[in-house]
Structure formats: C-alpha cells, structure tokens
$ cat final.cif   # mmCIF, C-alpha atoms
data_my_file
#
loop_
_atom_site.group_PDB
_atom_site.id
_atom_site.type_symbol
_atom_site.label_atom_id
_atom_site.label_comp_id
_atom_site.auth_asym_id
_atom_site.auth_seq_id
_atom_site.Cartn_x
_atom_site.Cartn_y
_atom_site.Cartn_z
ATOM 1 C CA THR A 1493 309.830 -9.398 186.969
ATOM 2 C CA THR A 1494 310.451 -8.459 190.658
ATOM 3 C CA THR A 1495 313.941 -7.534 191.719
ATOM 4 C CA THR A 1496 314.913 -8.154 195.354
ATOM 5 C CA THR A 1497 317.686 -6.041 196.769
ATOM 6 C CA THR A 1498 319.628 -7.446 199.687
ATOM 7 C CA THR A 1499 321.517 -4.986 201.842
ATOM 8 C CA THR A 1500 324.655 -6.355 203.471
ATOM 9 C CA PRO A 1501 325.644 -4.618 206.697
ATOM 10 C CA SER A 1502 328.914 -2.847 206.466
ATOM 11 C CA SER A 1503 331.830 -3.959 208.577
ATOM 12 C CA SER A 1504 331.602 -0.728 210.564
ATOM 13 C CA SER A 1505 327.933 -1.411 211.402
ATOM 14 C CA LEU A 1506 328.760 -4.942 212.560
ATOM 15 C CA ASN A 1507 331.601 -3.686 214.723
ATOM 16 C CA HIS A 1508 329.328 -1.053 216.253
ATOM 17 C CA TYR A 1509 326.727 -3.716 217.059
ATOM 18 C CA ARG A 1510 329.338 -6.026 218.571
ATOM 19 C CA ASN A 1511 330.786 -3.215 220.663
ATOM 20 C CA ALA A 1512 327.342 -2.125 221.893
ATOM 21 C CA ASN A 1513 326.399 -5.706 222.726
ATOM 22 C CA SER A 1514 329.681 -6.268 224.504
ATOM 23 C CA LYS A 1515 329.258 -3.073 226.529
ATOM 24 C CA SER A 1516 325.703 -4.071 227.443
ATOM 25 C CA CYS A 1517 326.905 -7.478 228.685
ATOM 26 C CA SER A 1518 329.728 -5.830 230.604
ATOM 27 C CA ASP A 1519 327.372 -3.346 232.245
ATOM 28 C CA ARG A 1520 324.978 -6.133 233.165
ATOM 29 C CA LYS A 1521 327.756 -8.170 234.755
ATOM 30 C CA ALA A 1522 328.988 -5.124 236.671
ATOM 31 C CA THR A 1523 325.460 -4.505 237.979
ATOM 32 C CA ILE A 1524 325.129 -8.109 239.129
ATOM 33 C CA VAL A 1525 328.508 -7.994 240.871
ATOM 34 C CA MET A 1526 327.570 -4.752 242.647
ATOM 35 C CA GLU A 1527 324.310 -6.308 243.828
ATOM 36 C CA HIS A 1528 326.220 -9.280 245.244
ATOM 37 C CA MET A 1529 328.672 -6.960 247.007
ATOM 38 C CA ILE A 1530 325.857 -4.955 248.602
ATOM 39 C CA GLN A 1531 324.172 -8.143 249.773
ATOM 40 C CA VAL A 1532 327.331 -9.636 251.258
ATOM 41 C CA SER A 1533 328.215 -6.372 253.021
ATOM 42 C CA ASP A 1534 325.188 -6.915 255.271
ATOM 43 C CA VAL A 1535 326.375 -10.394 256.323
ATOM 44 C CA ALA A 1536 330.149 -10.030 255.971
ATOM 45 C CA HIS A 1537 330.719 -11.402 259.479
ATOM 46 C CA THR A 1538 329.494 -14.825 258.346
ATOM 47 C CA CYS A 1539 332.463 -15.054 255.955
ATOM 48 C CA GLU A 1540 334.984 -14.018 258.598
ATOM 49 C CA HIS A 1541 336.895 -16.043 261.188
ATOM 50 C CA TRP A 1542 334.771 -17.926 263.746
ATOM 51 C CA THR A 1543 335.575 -15.494 266.570
ATOM 52 C CA VAL A 1544 334.504 -12.511 264.443
ATOM 53 C CA TYR A 1545 331.391 -14.342 263.321
ATOM 54 C CA ARG A 1546 330.519 -15.203 266.934
ATOM 55 C CA LYS A 1547 330.982 -11.618 268.146
ATOM 56 C CA TRP A 1548 328.681 -10.043 265.561
ATOM 57 C CA ASN A 1549 326.192 -12.867 265.765
ATOM 58 C CA GLU A 1550 325.804 -12.236 269.495
ATOM 59 C CA ARG A 1551 325.481 -8.480 269.003
ATOM 60 C CA TYR A 1552 322.631 -9.034 266.607
ATOM 61 C CA PHE A 1553 321.092 -11.529 269.043
ATOM 62 C CA VAL A 1554 321.194 -8.930 271.836
ATOM 63 C CA GLU A 1555 319.617 -6.336 269.549
ATOM 64 C CA CYS A 1556 316.761 -8.726 268.743
ATOM 65 C CA CYS A 1557 316.312 -9.548 272.447
ATOM 66 C CA HIS A 1558 316.063 -5.846 273.266
ATOM 67 C CA ALA A 1559 313.405 -5.419 270.601
ATOM 68 C CA TYR A 1560 311.436 -8.329 272.064
ATOM 69 C CA ARG A 1561 311.711 -7.030 275.646
ATOM 70 C CA GLN A 1562 310.569 -3.581 274.560
ATOM 71 C CA GLY A 1563 307.563 -4.919 272.662
ATOM 72 C CA ARG A 1564 308.899 -4.007 269.223
ATOM 73 C CA ALA A 1565 309.093 -7.677 268.184
ATOM 74 C CA GLU A 1566 306.572 -10.438 268.764
ATOM 75 C CA HIS A 1567 309.024 -13.330 268.665
ATOM 76 C CA ASP A 1568 311.616 -14.264 271.306
ATOM 77 C CA PRO A 1569 314.837 -14.840 269.338
ATOM 78 C CA ALA A 1570 316.121 -17.319 271.922
ATOM 79 C CA ASP A 1571 313.405 -19.802 270.945
ATOM 80 C CA ASP A 1572 314.889 -20.766 267.575
ATOM 81 C CA TRP A 1573 318.159 -18.899 267.122
ATOM 82 C CA TYR A 1574 320.145 -22.096 266.530
ATOM 83 C CA PRO A 1575 318.051 -23.638 263.700
ATOM 84 C CA SER A 1576 317.365 -20.240 262.151
ATOM 85 C CA GLU A 1577 321.079 -19.552 261.874
ATOM 86 C CA LEU A 1578 321.631 -22.913 260.182
ATOM 87 C CA GLY A 1579 318.954 -22.105 257.619
ATOM 88 C CA PHE A 1580 320.375 -18.625 257.111
ATOM 89 C CA LEU A 1581 323.828 -20.047 256.373
ATOM 90 C CA ASP A 1582 322.510 -22.823 254.129
ATOM 91 C CA PHE A 1583 320.032 -20.877 252.030
ATOM 92 C CA TYR A 1584 321.462 -17.355 251.935
ATOM 93 C CA VAL A 1585 325.084 -16.961 253.021
ATOM 94 C CA ILE A 1586 326.720 -19.932 251.310
ATOM 95 C CA PRO A 1587 324.831 -19.500 247.992
ATOM 96 C CA LEU A 1588 325.801 -15.819 248.036
ATOM 97 C CA ALA A 1589 329.460 -16.700 248.675
ATOM 98 C CA GLN A 1590 329.278 -19.142 245.765
ATOM 99 C CA LYS A 1591 328.071 -16.332 243.503
ATOM 100 C CA LEU A 1592 330.967 -14.129 244.616
ATOM 101 C CA GLN A 1593 333.405 -16.903 243.789
ATOM 102 C CA ALA A 1594 331.783 -17.589 240.410
ATOM 103 C CA CYS A 1595 331.891 -13.950 239.267
ATOM 104 C CA GLY A 1596 335.674 -14.049 239.604
ATOM 105 C CA VAL A 1597 336.237 -10.408 240.508
ATOM 106 C CA PHE A 1598 337.661 -11.217 243.949
ATOM 107 C CA GLY A 1599 340.271 -13.666 242.733
ATOM 108 C CA PRO A 1600 341.524 -16.050 245.467
ATOM 109 C CA LEU A 1601 339.451 -14.170 248.087
ATOM 110 C CA GLY A 1602 336.246 -15.525 246.533
ATOM 111 C CA GLU A 1603 337.262 -19.066 247.417
ATOM 112 C CA ALA A 1604 338.441 -17.936 250.854
ATOM 113 C CA TYR A 1605 335.069 -16.323 251.657
ATOM 114 C CA LEU A 1606 333.213 -19.436 250.567
ATOM 115 C CA SER A 1607 335.395 -21.870 252.524
ATOM 116 C CA THR A 1608 335.191 -19.687 255.660
ATOM 117 C CA ALA A 1609 331.388 -19.520 255.444
ATOM 118 C CA ARG A 1610 331.260 -23.308 255.128
ATOM 119 C CA ARG A 1611 333.580 -23.782 258.126
ATOM 120 C CA ASN A 1612 331.447 -21.438 260.222
ATOM 121 C CA ARG A 1613 328.382 -23.429 259.222
ATOM 122 C CA GLN A 1614 330.024 -26.691 260.278
ATOM 123 C CA GLN A 1615 331.150 -25.255 263.591
ATOM 124 C CA TRP A 1616 327.732 -23.724 264.259
ATOM 125 C CA GLU A 1617 326.077 -27.087 263.630
ATOM 126 C CA ALA A 1618 328.528 -28.741 266.041
ATOM 127 C CA CYS A 1619 328.376 -26.298 268.957
ATOM 128 C CA GLY A 1620 325.711 -23.719 268.104
ATOM 129 C CA GLN A 1621 323.280 -25.042 270.712
ATOM 130 C CA GLN A 1622 325.794 -24.425 273.475
ATOM 131 C CA VAL A 1623 326.678 -21.024 272.022
ATOM 132 C CA VAL A 1624 323.017 -19.975 272.119
ATOM 133 C CA GLU A 1625 322.639 -21.152 275.726
ATOM 134 C CA GLU A 1626 325.658 -19.062 276.723
ATOM 135 C CA MET A 1627 324.341 -15.995 274.871
ATOM 136 C CA VAL A 1628 320.937 -16.340 276.527
ATOM 137 C CA GLU A 1629 322.523 -16.593 279.972
ATOM 138 C CA ARG A 1630 324.788 -13.592 279.409
ATOM 139 C CA TYR A 1631 321.881 -11.527 278.154
ATOM 140 C CA ARG A 1632 319.746 -12.516 281.140
ATOM 141 C CA LEU A 1633 322.465 -11.548 283.620
ATOM 142 C CA ASN A 1634 323.160 -8.225 281.883
ATOM 143 C CA TYR A 1635 319.460 -7.439 281.615
ATOM 144 C CA GLU A 1636 318.852 -8.128 285.309
ATOM 145 C CA SER A 1637 321.955 -6.174 286.288
ATOM 146 C CA ASN A 1638 320.884 -3.155 284.241
ATOM 147 C CA ASN A 1639 317.385 -3.298 285.714
ATOM 148 C CA ASN A 1640 318.774 -3.404 289.245
ATOM 149 C CA ASN A 1641 321.056 -0.441 288.526
ATOM 150 C CA ASN A 1642 318.184 1.553 287.028
ATOM 151 C CA ASN A 1643 315.971 0.809 290.023
ATOM 152 C CA ALA A 1644 318.737 1.869 292.395
ATOM 153 C CA ASN A 1645 319.320 5.105 290.479
ATOM 154 C CA ASN A 1646 315.595 5.871 290.415
ATOM 155 C CA SER A 1647 315.352 5.246 294.149
ATOM 156 C CA LEU A 1648 318.363 7.453 294.831
ATOM 157 C CA GLY A 1649 316.945 10.210 292.643
ATOM 158 C CA SER A 1650 313.598 10.007 294.388
ATOM 159 C CA THR A 1651 315.230 10.176 297.821
ATOM 160 C CA SER A 1652 317.343 13.188 296.817
ATOM 161 C CA SER A 1653 314.309 15.011 295.436
ATOM 162 C CA SER A 1654 312.331 14.256 298.572
ATOM 163 C CA SER A 1655 315.157 15.528 300.796
ATOM 164 C CA ALA A 1656 315.473 18.711 298.768
ATOM 165 C CA SER A 1657 311.719 19.242 298.916
ATOM 166 C CA ASP A 1658 311.667 18.743 302.705
ATOM 167 C CA HIS A 1659 314.548 21.204 303.054
ATOM 168 C CA ASP A 1660 312.673 23.835 301.023
ATOM 169 C CA ASP A 1661 309.498 23.271 303.052
ATOM 170 C CA ASN A 1662 311.435 23.762 306.307
ATOM 171 C CA GLU A 1663 312.885 27.024 305.004
ATOM 172 C CA ASP A 1664 309.422 28.241 303.972
ATOM 173 C CA ALA A 1665 308.034 27.360 307.404
ATOM 174 C CA ALA A 1666 310.834 29.272 309.110
ATOM 175 C CA GLU A 1667 310.180 32.342 306.982
ATOM 176 C CA GLN A 1668 306.457 32.174 307.693
ATOM 177 C CA ALA A 1669 307.053 31.820 311.422
ATOM 178 C CA SER A 1670 309.289 34.893 311.437
ATOM 179 C CA ASP A 1671 306.652 36.949 309.566
ATOM 180 C CA PRO A 1672 303.132 36.180 310.885
ATOM 181 C CA GLU A 1673 301.480 38.739 308.597
ATOM 182 C CA VAL A 1674 302.698 36.945 305.477
ATOM 183 C CA PHE A 1675 301.482 33.636 306.857
ATOM 184 C CA GLN A 1676 298.016 35.116 307.539
ATOM 185 C CA GLN A 1677 297.721 36.884 304.204
ATOM 186 C CA GLU A 1678 298.665 33.812 302.081
ATOM 187 C CA PRO A 1679 296.717 30.797 303.280
ATOM 188 C CA PRO A 1680 297.435 27.447 301.614
ATOM 189 C CA MET A 1681 295.707 26.988 298.274
ATOM 190 C CA GLU A 1682 293.162 24.220 297.922
ATOM 191 C CA ALA A 1683 294.239 21.259 295.854
ATOM 192 C CA THR A 1684 292.781 21.050 292.353
ATOM 193 C CA PRO A 1685 290.906 17.866 291.316
ATOM 194 C CA ARG A 1686 293.983 16.709 289.333
ATOM 195 C CA GLU A 1687 296.275 17.224 292.335
ATOM 196 C CA GLN A 1688 293.834 15.382 294.590
ATOM 197 C CA PHE A 1689 293.846 12.474 292.178
ATOM 198 C CA PHE A 1690 297.636 12.165 292.256
ATOM 199 C CA THR A 1691 297.979 12.786 295.995
#

$ encode --input "final.cif" --output "structure tokens"
Amino acid sequence: TTTTTTTTPSSSSLNHYRNANSKSCSDRKATIVMEHMIQVSDVAHTCEHWTVYRKWNERYFVECCHAYRQGRAEHDPADDWYPSELGFLDFYVIPLAQKLQACGVFGPLGEAYLSTARRNRQQWEACGQQVVEEMVERYRLNYESNNNNNNANNSLGSTSSSSASDHDDNEDAAEQASDPEVFQQEPPMEATPREQFFT
C-alpha cells in the first residue's frame, strides 16, 4: 500500500507569494511608466501648445539643415519635412501619448497631452505645407546673410593683415636704409620649395 502525502501551503507562504508577485507587477509597471516618460521627454514639444510645437519644430529643422549643408547628413530635410512630420505624429507621438494616458499616473494631464498632440497633428495637416515653405525661406535668408557677413569679416581681416604687413616691411626698409652694413650682411633668403608653391 502506497501512502501519498499532500503538503498544503501555509497561509504565511501564500501571503509571501502574493506579496512578491504584487511587488514584481508593481516594479514592472513602474519600469514601463519610466520608459514612457523618457521617450516623451524627447518629443515633449509635440504635446505642447501649437506655438511651442512650431518653435521647437523649426529649431530642429534648422539643425538638420545645418547638418546637410556641412555634409554631415545626406538628405535635405526640406524635401519631405511635411509628410515626415505627419508620419512621426501618427505612428510615434500620438501612440506614445495614448500610453501615457492609459497608465494613469498623470491623471487629467494624460488626456490633455493626448488631445494637444492630436490638435497639433490636425493643424499640421491643414497648414504644415505653408509652415515648411516659410521655414525654408527663413533658413535660406539667414544662411545667405551669415555667409555674406563671414565673407566680409574675412575680407576685412585679410586687408588688416596686409596693411600691418606692409607697415612692418616699410619699417624694415627704413632701418636697412639707415644702416647699409646690416643690409649688405643679411641678404634676402631664397624661398624654399614650399614657399615657392604658395607664392
């Protein structure tokens, strides 16, 4: 005859398991919420008022244009900024705002973030093309203005250096003329091959 012994968990063991499981679920939820917060911190301007969204959107546009002008990016952002922003709002920003609302830790602000992101999306769809055209024009004017200023400063610096060099040469010539022996003892040095190349 075989006797089977069944061990019934004690109430304390069950409570410990429930507490550990509850803590694990709580930690997991906290981790997910933190991940959402880190993600939304990178795109917080998209859940702000339209004017704030526009300001930071244009700053990022200018940064991307600089990278393209300097050869650090292969793609001109002006080519598809409008449709790319629509896709970004549809497939990243709004789903992320929905997750923030669903987790419930922000209370009424979760709904506010989501509704603001949706309004910005609607307004971008309605007038984003014109917004991009204005940003492109402003960037072009600022870029040309900065280039002109840099060219003017370089020209001024070159002229000042040339004038200072001519002044020094005149002083050297005067000293040599007043002391013929020095002039005879120190004839001009021949230019090296590198100096001849750059002359």

$ axis_aligned_box --input "final.cif" --around "stretch 1604-1611 of chain A" --padding-each-side "4 Å" --output "AutoDock Vina command-line options"
--center_x 334.9 --center_y -20.1 --center_z 254.3 --size_x 15.2 --size_y 15.5 --size_z 15.6

$ resolve_selection --input "final.cif" --expression "the PyMOL selection byres ((chain A and resi 1569) around 9)" --output "list in words"
Phe1553, Cys1556, Cys1557, Tyr1560, His1567, Asp1568, Ala1570, Asp1571, Asp1572 and Trp1573 of chain A

$ resolve_selection --input "final.cif" --expression "the PyMOL selection byres ((chain A and resi 1587) around 12)" --output "number ranges by chain"
A: 1528, 1531-1532, 1539, 1579-1586, 1588-1594, 1605-1607, 1609-1610

$ closest_residue --input "final.cif" --among "A:Ser1516, A:Tyr1574, A:Lys1521, A:Tyr1552" --to "A:Gly1596" --atoms "all atoms listed in the file"
A:Lys1521

$ atom_distance --input "final.cif" --atom1 "atom CA of A:Gln1622" --atom2 "atom CA of A:Gln1562"
25.8 Å

$ residues_near_point --input "final.cif" --point "(329.7, -14.1, 258.6)" --cutoff "9 Å" --atoms "all atoms listed in the file" --output "list in words"
Val1532, Val1535, Ala1536, His1537, Thr1538, Cys1539, Glu1540, His1541, Trp1542, Val1544, Tyr1545, Arg1546, Trp1548, Asn1549, Leu1581, Val1585, Thr1608, Ala1609 and Asn1612 of chain A

$ atom_distance --input "final.cif" --atom1 "atom CA of A:Phe1598" --atom2 "atom CA of A:Glu1617"
27.8 Å

$ atom_distance --input "final.cif" --atom1 "atom CA of A:Asn1639" --atom2 "atom CA of A:Val1554"
15.5 Å
